[in-house]
Amino acid sequence: MNVISLYFALWVTVDHSGQDILYSTALSLSMLAVALSVPVFGTLSDTTGKRRVPLIGLTLLCVFATGLIGTTDHLLTGLILFMVANYGYQSALVFYNGMLPSISQGSHVGLVSGYGVALGYLGSIAGMLMVQPFVEESGRSAAFFPTATLVLVFALPCFLFVKDPEIRTASSVRVREAFKTLKETFLRARQYRSLFRFILIHFLVLDAVNTIIAFMSVYASKVIGFSGGQIMKFLISSTVGAMIGSLVIGILVKHKGVIWSYWLVLGAWIVSLFLAAISQSETLFWVVGPIAGIGMGGVWVVSRAFIIELSPPEKVGEFFGLYGFAGKAASILGPMLWGSVVWALNSTGTLKYRVAVTVLLGIVVVAAFLFRDLTRQMQQQ
């Protein structure tokens with residue numbers, strides 16, 4: 001939240017007068033590296049059963065690179081450090097997601113996932129508030145070291161107390177074999193047709209979600225005219241919405257099912273993007289934050305529950321790897337799409353940003369139509 005949604009985007013576009021497409025390119029390149037790594041990590045997770053050690057290593061990579069961003073005033077160096085930090089964070093999520101089935105034994109996975117996401121967003125609020133004094137005193141560059149420190153401190157309980165449920169004796173994972181496994185997974189699409197179609201739909205939704213996460217503060221600053229303090233309050237309001245949304249939707253997944261819950265998430269995103277595109281005043285835009293937050297918190301809860309519900313137990317790690325691959329690919333396309341639209345319409349003032357949001361809205365609407373077809377087919381089976 002501090003790095004991607006708040007301080008780094010403004011560090012690039014405001015403090016260093018960089019164009020949106022520079023941030024888009026850095027974000028997309030880091031996600032491309034993650035997408036190429038995900039098949040290997042997913043296979044490693046399944047074949048060895050070791051998730052804790054890789055999670056620690058990748059998290060530490062994120063922590064160190066994030067802390068170093070604040071030590072440079074050079075735009076290119078900052079962009080490179082950001083790419084390294086984002087690679088570590090996003091790659092770690094493959095192993096983090098793979099821990100979910102083992103720690104939720106005896107409970108409903110959607111509910112446990114909801115608790116995790118809600119507490120994560122609570123941490124985002126705490127992180128913003130704890131780092132704000134450093135920024136007020138020394139500027140945005142002062143945000144990165146304390147943010148990195150907080151990430152490390154709050155990750156320690158997971159490092160120390162969440163153990164791997166089983167350690168398998170397995171030969172070393174070969175890169176070629178990992179990509180061969182991914183290829184075979186794609187070739188088995190007919191056998192897991194509903195799952196693969198959902199991953200495609202989720203890819204489209206994440207195009208919008210990941211892009212909004214990255215450029216929300218830029219849009220609020222340059223289109224709506226929010227000050228730094230207002231942007232923080234806006235992000236807190238959206239984070240509170242995400243925290244509530246993840247809890248509520250986690251409960252709804254348990255009682256209403258994944259299909260009903262995913263429709264609610266899609267609806268929240270369509271409404272929030274539409275309001276953002278047409279907002280002419282600060283008053284209307286304040287409504288966007290909590291609604292988008294509900295969709296943001298809910299999308300992770302229900303999608304992970306959907307993957308676990310449709311995946312064979314012995315293939316959970318593999319399909320989470322594919323799920324992660326789709327999410328990372330969306331993080332490549334979405335920001336580049338945003339950056340390209342803004343760059344192509346550079347002379348149109350704030351209109352270029354409204355067009356970019358409208359494009360994201362169109363993508364989510366297409367995803368909704370595809371999800372309607374998927375649910376009809378699932379009900380007929």
# chains A, B, ... in the order shown; residues from 1 in each chain; ligands from 1

$ residues_around --residues "region 196-206 of chain A" --least-positions-apart "2" --cutoff "6 Å" --atoms "only C-alpha atoms" --output "ChimeraX atom specification"
/A:193-194,208-210,326-327,330,364,367

$ closest_atom_pairs --of "region 267-329 of chain A" --to "region 236-260 of chain A" --cutoff "12 Å" --atoms "only C-alpha atoms" --output "CSV"
residue,atom,partner,partner_atom,distance
A:Gly267,CA,A:Trp260,CA,10.9
A:Ala268,CA,A:Gly245,CA,10.1
A:Trp269,CA,A:Ala242,CA,12.0
A:Ser272,CA,A:Ser238,CA,10.9
A:Phe285,CA,A:Ser238,CA,11.2
A:Trp286,CA,A:Ser237,CA,8.3
A:Val287,CA,A:Ser238,CA,9.1
A:Val288,CA,A:Ser238,CA,7.9
A:Gly289,CA,A:Ser238,CA,4.2
A:Pro290,CA,A:Ser238,CA,4.3
A:Ile291,CA,A:Gly241,CA,6.6
A:Ala292,CA,A:Ser238,CA,6.5
A:Gly293,CA,A:Ala242,CA,4.0
A:Ile294,CA,A:Gly245,CA,4.2
A:Gly295,CA,A:Gly245,CA,7.0
A:Met296,CA,A:Ala242,CA,5.8
A:Gly297,CA,A:Ala242,CA,4.1
A:Gly298,CA,A:Ser246,CA,4.7
A:Val299,CA,A:Ser246,CA,8.1
A:Trp300,CA,A:Ser246,CA,8.0
A:Val301,CA,A:Gly250,CA,6.2
A:Val302,CA,A:Val258,CA,6.0
A:Ser303,CA,A:Val258,CA,8.0
A:Arg304,CA,A:Val258,CA,9.7
A:Ala305,CA,A:Val258,CA,7.1
A:Phe306,CA,A:Val258,CA,6.1
A:Ile307,CA,A:Val258,CA,9.9
A:Ile308,CA,A:Val258,CA,10.7
A:Glu309,CA,A:Val258,CA,8.7
A:Leu310,CA,A:Val258,CA,10.5

$ write_last_selection --atoms "N, CA and C atoms" --output "tab-separated table (two decimals), in the first residue's frame"
chain	number	residue	atom	x	y	z
A	267	GLY	N	-19.68	-6.71	-9.49
A	267	GLY	CA	-20.57	-5.55	-9.40
A	267	GLY	C	-19.91	-4.36	-8.73
A	268	ALA	N	-19.15	-4.63	-7.66
A	268	ALA	CA	-18.46	-3.55	-6.95
A	268	ALA	C	-17.45	-2.86	-7.86
A	269	TRP	N	-16.74	-3.64	-8.66
A	269	TRP	CA	-15.74	-3.05	-9.54
A	269	TRP	C	-16.38	-2.26	-10.68
A	272	SER	N	-17.63	1.07	-9.12
A	272	SER	CA	-16.55	1.98	-8.69
A	272	SER	C	-15.81	2.58	-9.88
A	285	PHE	N	-16.18	11.42	-5.79
A	285	PHE	CA	-15.00	10.55	-5.83
A	285	PHE	C	-14.75	9.89	-4.48
A	286	TRP	N	-15.13	10.55	-3.39
A	286	TRP	CA	-14.96	9.93	-2.07
A	286	TRP	C	-15.75	8.63	-1.96
A	287	VAL	N	-16.84	8.51	-2.73
A	287	VAL	CA	-17.65	7.29	-2.69
A	287	VAL	C	-16.92	6.13	-3.37
A	288	VAL	N	-16.06	6.46	-4.33
A	288	VAL	CA	-15.37	5.43	-5.11
A	288	VAL	C	-14.49	4.56	-4.22
A	289	GLY	N	-13.79	5.19	-3.26
A	289	GLY	CA	-12.83	4.47	-2.45
A	289	GLY	C	-13.39	3.25	-1.73
A	290	PRO	N	-14.43	3.43	-0.90
A	290	PRO	CA	-14.97	2.27	-0.18
A	290	PRO	C	-15.54	1.18	-1.09
A	291	ILE	N	-16.20	1.59	-2.20
A	291	ILE	CA	-16.78	0.58	-3.11
A	291	ILE	C	-15.66	-0.22	-3.78
A	292	ALA	N	-14.64	0.50	-4.29
A	292	ALA	CA	-13.50	-0.21	-4.89
A	292	ALA	C	-12.80	-1.07	-3.86
A	293	GLY	N	-12.76	-0.59	-2.62
A	293	GLY	CA	-12.13	-1.37	-1.56
A	293	GLY	C	-12.84	-2.69	-1.31
A	294	ILE	N	-14.17	-2.66	-1.32
A	294	ILE	CA	-14.94	-3.91	-1.15
A	294	ILE	C	-14.59	-4.89	-2.26
A	295	GLY	N	-14.54	-4.39	-3.50
A	295	GLY	CA	-14.17	-5.26	-4.61
A	295	GLY	C	-12.74	-5.75	-4.51
A	296	MET	N	-11.85	-4.88	-4.03
A	296	MET	CA	-10.44	-5.23	-3.92
A	296	MET	C	-10.21	-6.29	-2.85
A	297	GLY	N	-10.84	-6.12	-1.70
A	297	GLY	CA	-10.70	-7.11	-0.65
A	297	GLY	C	-11.35	-8.43	-1.01
A	298	GLY	N	-12.50	-8.35	-1.66
A	298	GLY	CA	-13.24	-9.56	-1.97
A	298	GLY	C	-12.63	-10.38	-3.08
A	299	VAL	N	-11.96	-9.73	-4.04
A	299	VAL	CA	-11.49	-10.47	-5.21
A	299	VAL	C	-10.45	-11.51	-4.83
A	300	TRP	N	-9.59	-11.21	-3.85
A	300	TRP	CA	-8.57	-12.18	-3.45
A	300	TRP	C	-9.20	-13.33	-2.68
A	301	VAL	N	-10.17	-13.03	-1.83
A	301	VAL	CA	-10.80	-14.07	-1.01
A	301	VAL	C	-11.52	-15.09	-1.88
A	302	VAL	N	-12.42	-14.60	-2.72
A	302	VAL	CA	-13.28	-15.51	-3.48
A	302	VAL	C	-12.49	-16.22	-4.57
A	303	SER	N	-11.49	-15.57	-5.16
A	303	SER	CA	-10.74	-16.22	-6.23
A	303	SER	C	-9.91	-17.38	-5.70
A	304	ARG	N	-9.27	-17.19	-4.55
A	304	ARG	CA	-8.48	-18.28	-3.97
A	304	ARG	C	-9.39	-19.44	-3.56
A	305	ALA	N	-10.57	-19.12	-3.02
A	305	ALA	CA	-11.51	-20.17	-2.67
A	305	ALA	C	-12.00	-20.90	-3.92
A	306	PHE	N	-12.20	-20.16	-5.01
A	306	PHE	CA	-12.64	-20.75	-6.28
A	306	PHE	C	-11.58	-21.73	-6.79
A	307	ILE	N	-10.31	-21.34	-6.74
A	307	ILE	CA	-9.23	-22.21	-7.21
A	307	ILE	C	-9.17	-23.49	-6.39
A	308	ILE	N	-9.24	-23.37	-5.08
A	308	ILE	CA	-9.16	-24.55	-4.21
A	308	ILE	C	-10.36	-25.46	-4.41
A	309	GLU	N	-11.55	-24.86	-4.61
A	309	GLU	CA	-12.77	-25.67	-4.80
A	309	GLU	C	-12.72	-26.46	-6.10
A	310	LEU	N	-12.14	-25.90	-7.15
A	310	LEU	CA	-12.14	-26.55	-8.45
A	310	LEU	C	-10.90	-27.39	-8.72

$ residues_around --residues "Gln132 (chain A)" --least-positions-apart "6" --cutoff "12 Å" --atoms "only C-alpha atoms" --output "ChimeraX atom specification"
/A:2,6-7,125-126,138-144,146-147,228-229,231-233

$ atom_distance --atom1 "CA of Leu360 (chain A)" --atom2 "CA of Ile213 (chain A)"
12.3 Å

$ atom_distance --atom1 "CA of Leu152 (chain A)" --atom2 "CA of Thr25 (chain A)"
26.9 Å

$ select_by_dssp --residues "region 82-117 of chain A" --states "alpha helix (DSSP H)" --output "NGL selection string"
:A and (82-98 or 100-103 or 109-117)

$ closest_residue --among "A:Met378, A:Val12, A:Leu32, A:Val151" --to "Asp73 (chain A)" --atoms "only C-alpha atoms"
A:Val12

$ closest_atom_pairs --of "region 28-75 of chain A" --to "region 333-337 of chain A" --cutoff "12 Å" --atoms "only C-alpha atoms" --output "Markdown table"
| residue | atom | partner | partner_atom | distance |
| --- | --- | --- | --- | --- |
| A:Ser28 | CA | A:Pro335 | CA | 6.6 |
| A:Leu29 | CA | A:Met336 | CA | 9.7 |
| A:Ser30 | CA | A:Pro335 | CA | 11.5 |
| A:Met31 | CA | A:Leu333 | CA | 9.5 |
| A:Leu32 | CA | A:Leu333 | CA | 9.5 |
| A:Ala35 | CA | A:Leu333 | CA | 11.8 |

$ closest_residue --among "A:Gln191, A:Ser227, A:Asn86, A:Thr59" --to "Val153 (chain A)" --atoms "only C-alpha atoms"
A:Thr59

$ decode --residues "region 85-155 of chain A" --atoms "C-alpha atoms" --output "JSON list (two decimals), in the first residue's frame"
[["chain", "number", "residue", "atom", "x", "y", "z"],
["A", 85, "ALA", "CA", 11.41, -5.20, -4.52],
["A", 86, "ASN", "CA", 8.22, -5.92, -6.44],
["A", 87, "TYR", "CA", 9.71, -9.13, -7.84],
["A", 88, "GLY", "CA", 10.46, -10.38, -4.33],
["A", 89, "TYR", "CA", 7.03, -9.47, -3.00],
["A", 90, "GLN", "CA", 4.98, -10.89, -5.86],
["A", 91, "SER", "CA", 7.02, -14.10, -6.17],
["A", 92, "ALA", "CA", 6.61, -14.76, -2.44],
["A", 93, "LEU", "CA", 2.83, -14.86, -2.89],
["A", 94, "VAL", "CA", 3.03, -18.22, -4.70],
["A", 95, "PHE", "CA", 4.35, -19.84, -1.51],
["A", 96, "TYR", "CA", 2.08, -17.75, 0.72],
["A", 97, "ASN", "CA", -1.03, -18.88, -1.17],
["A", 98, "GLY", "CA", 0.20, -22.46, -1.09],
["A", 99, "MET", "CA", 0.14, -22.36, 2.73],
["A", 100, "LEU", "CA", -3.60, -21.68, 2.82],
["A", 101, "PRO", "CA", -4.96, -25.26, 2.59],
["A", 102, "SER", "CA", -2.73, -26.55, 5.40],
["A", 103, "ILE", "CA", -3.44, -23.73, 7.87],
["A", 104, "SER", "CA", -7.20, -23.79, 7.20],
["A", 105, "GLN", "CA", -7.67, -27.47, 8.06],
["A", 106, "GLY", "CA", -10.85, -27.93, 10.04],
["A", 107, "SER", "CA", -12.29, -24.62, 8.83],
["A", 108, "HIS", "CA", -13.75, -23.27, 5.62],
["A", 109, "VAL", "CA", -10.96, -22.03, 3.36],
["A", 110, "GLY", "CA", -12.93, -18.98, 2.20],
["A", 111, "LEU", "CA", -13.47, -17.81, 5.77],
["A", 112, "VAL", "CA", -9.82, -18.28, 6.73],
["A", 113, "SER", "CA", -8.76, -16.51, 3.55],
["A", 114, "GLY", "CA", -11.10, -13.66, 4.48],
["A", 115, "TYR", "CA", -9.49, -13.32, 7.89],
["A", 116, "GLY", "CA", -6.04, -13.18, 6.32],
["A", 117, "VAL", "CA", -6.96, -10.56, 3.74],
["A", 118, "ALA", "CA", -8.82, -8.42, 6.31],
["A", 119, "LEU", "CA", -5.87, -8.41, 8.70],
["A", 120, "GLY", "CA", -3.60, -7.59, 5.78],
["A", 121, "TYR", "CA", -5.63, -4.49, 5.00],
["A", 122, "LEU", "CA", -5.69, -3.54, 8.67],
["A", 123, "GLY", "CA", -1.91, -3.71, 8.48],
["A", 124, "SER", "CA", -1.99, -1.43, 5.43],
["A", 125, "ILE", "CA", -3.83, 1.24, 7.40],
["A", 126, "ALA", "CA", -1.44, 0.88, 10.33],
["A", 127, "GLY", "CA", 1.53, 1.06, 7.95],
["A", 128, "MET", "CA", 0.33, 4.26, 6.31],
["A", 129, "LEU", "CA", -0.30, 5.95, 9.65],
["A", 130, "MET", "CA", 3.02, 4.83, 11.13],
["A", 131, "VAL", "CA", 5.03, 6.03, 8.12],
["A", 132, "GLN", "CA", 3.16, 9.33, 7.65],
["A", 133, "PRO", "CA", 5.24, 11.26, 10.27],
["A", 134, "PHE", "CA", 8.46, 10.40, 8.42],
["A", 135, "VAL", "CA", 7.00, 11.71, 5.15],
["A", 136, "GLU", "CA", 5.67, 14.90, 6.72],
["A", 137, "GLU", "CA", 9.11, 15.63, 8.15],
["A", 138, "SER", "CA", 11.40, 14.63, 5.28],
["A", 139, "GLY", "CA", 9.31, 14.02, 2.13],
["A", 140, "ARG", "CA", 8.25, 10.91, 0.23],
["A", 141, "SER", "CA", 11.78, 9.47, 0.04],
["A", 142, "ALA", "CA", 11.62, 8.97, 3.81],
["A", 143, "ALA", "CA", 8.72, 6.50, 3.44],
["A", 144, "PHE", "CA", 10.64, 3.54, 2.09],
["A", 145, "PHE", "CA", 13.03, 2.53, 4.88],
["A", 146, "PRO", "CA", 10.40, 2.52, 7.67],
["A", 147, "THR", "CA", 7.99, 0.69, 5.34],
["A", 148, "ALA", "CA", 10.60, -2.00, 4.69],
["A", 149, "THR", "CA", 11.25, -2.29, 8.42],
["A", 150, "LEU", "CA", 7.54, -2.74, 9.15],
["A", 151, "VAL", "CA", 7.23, -5.44, 6.49],
["A", 152, "LEU", "CA", 10.07, -7.38, 8.10],
["A", 153, "VAL", "CA", 8.75, -6.99, 11.66],
["A", 154, "PHE", "CA", 5.23, -8.09, 10.79],
["A", 155, "ALA", "CA", 6.48, -11.01, 8.68]]
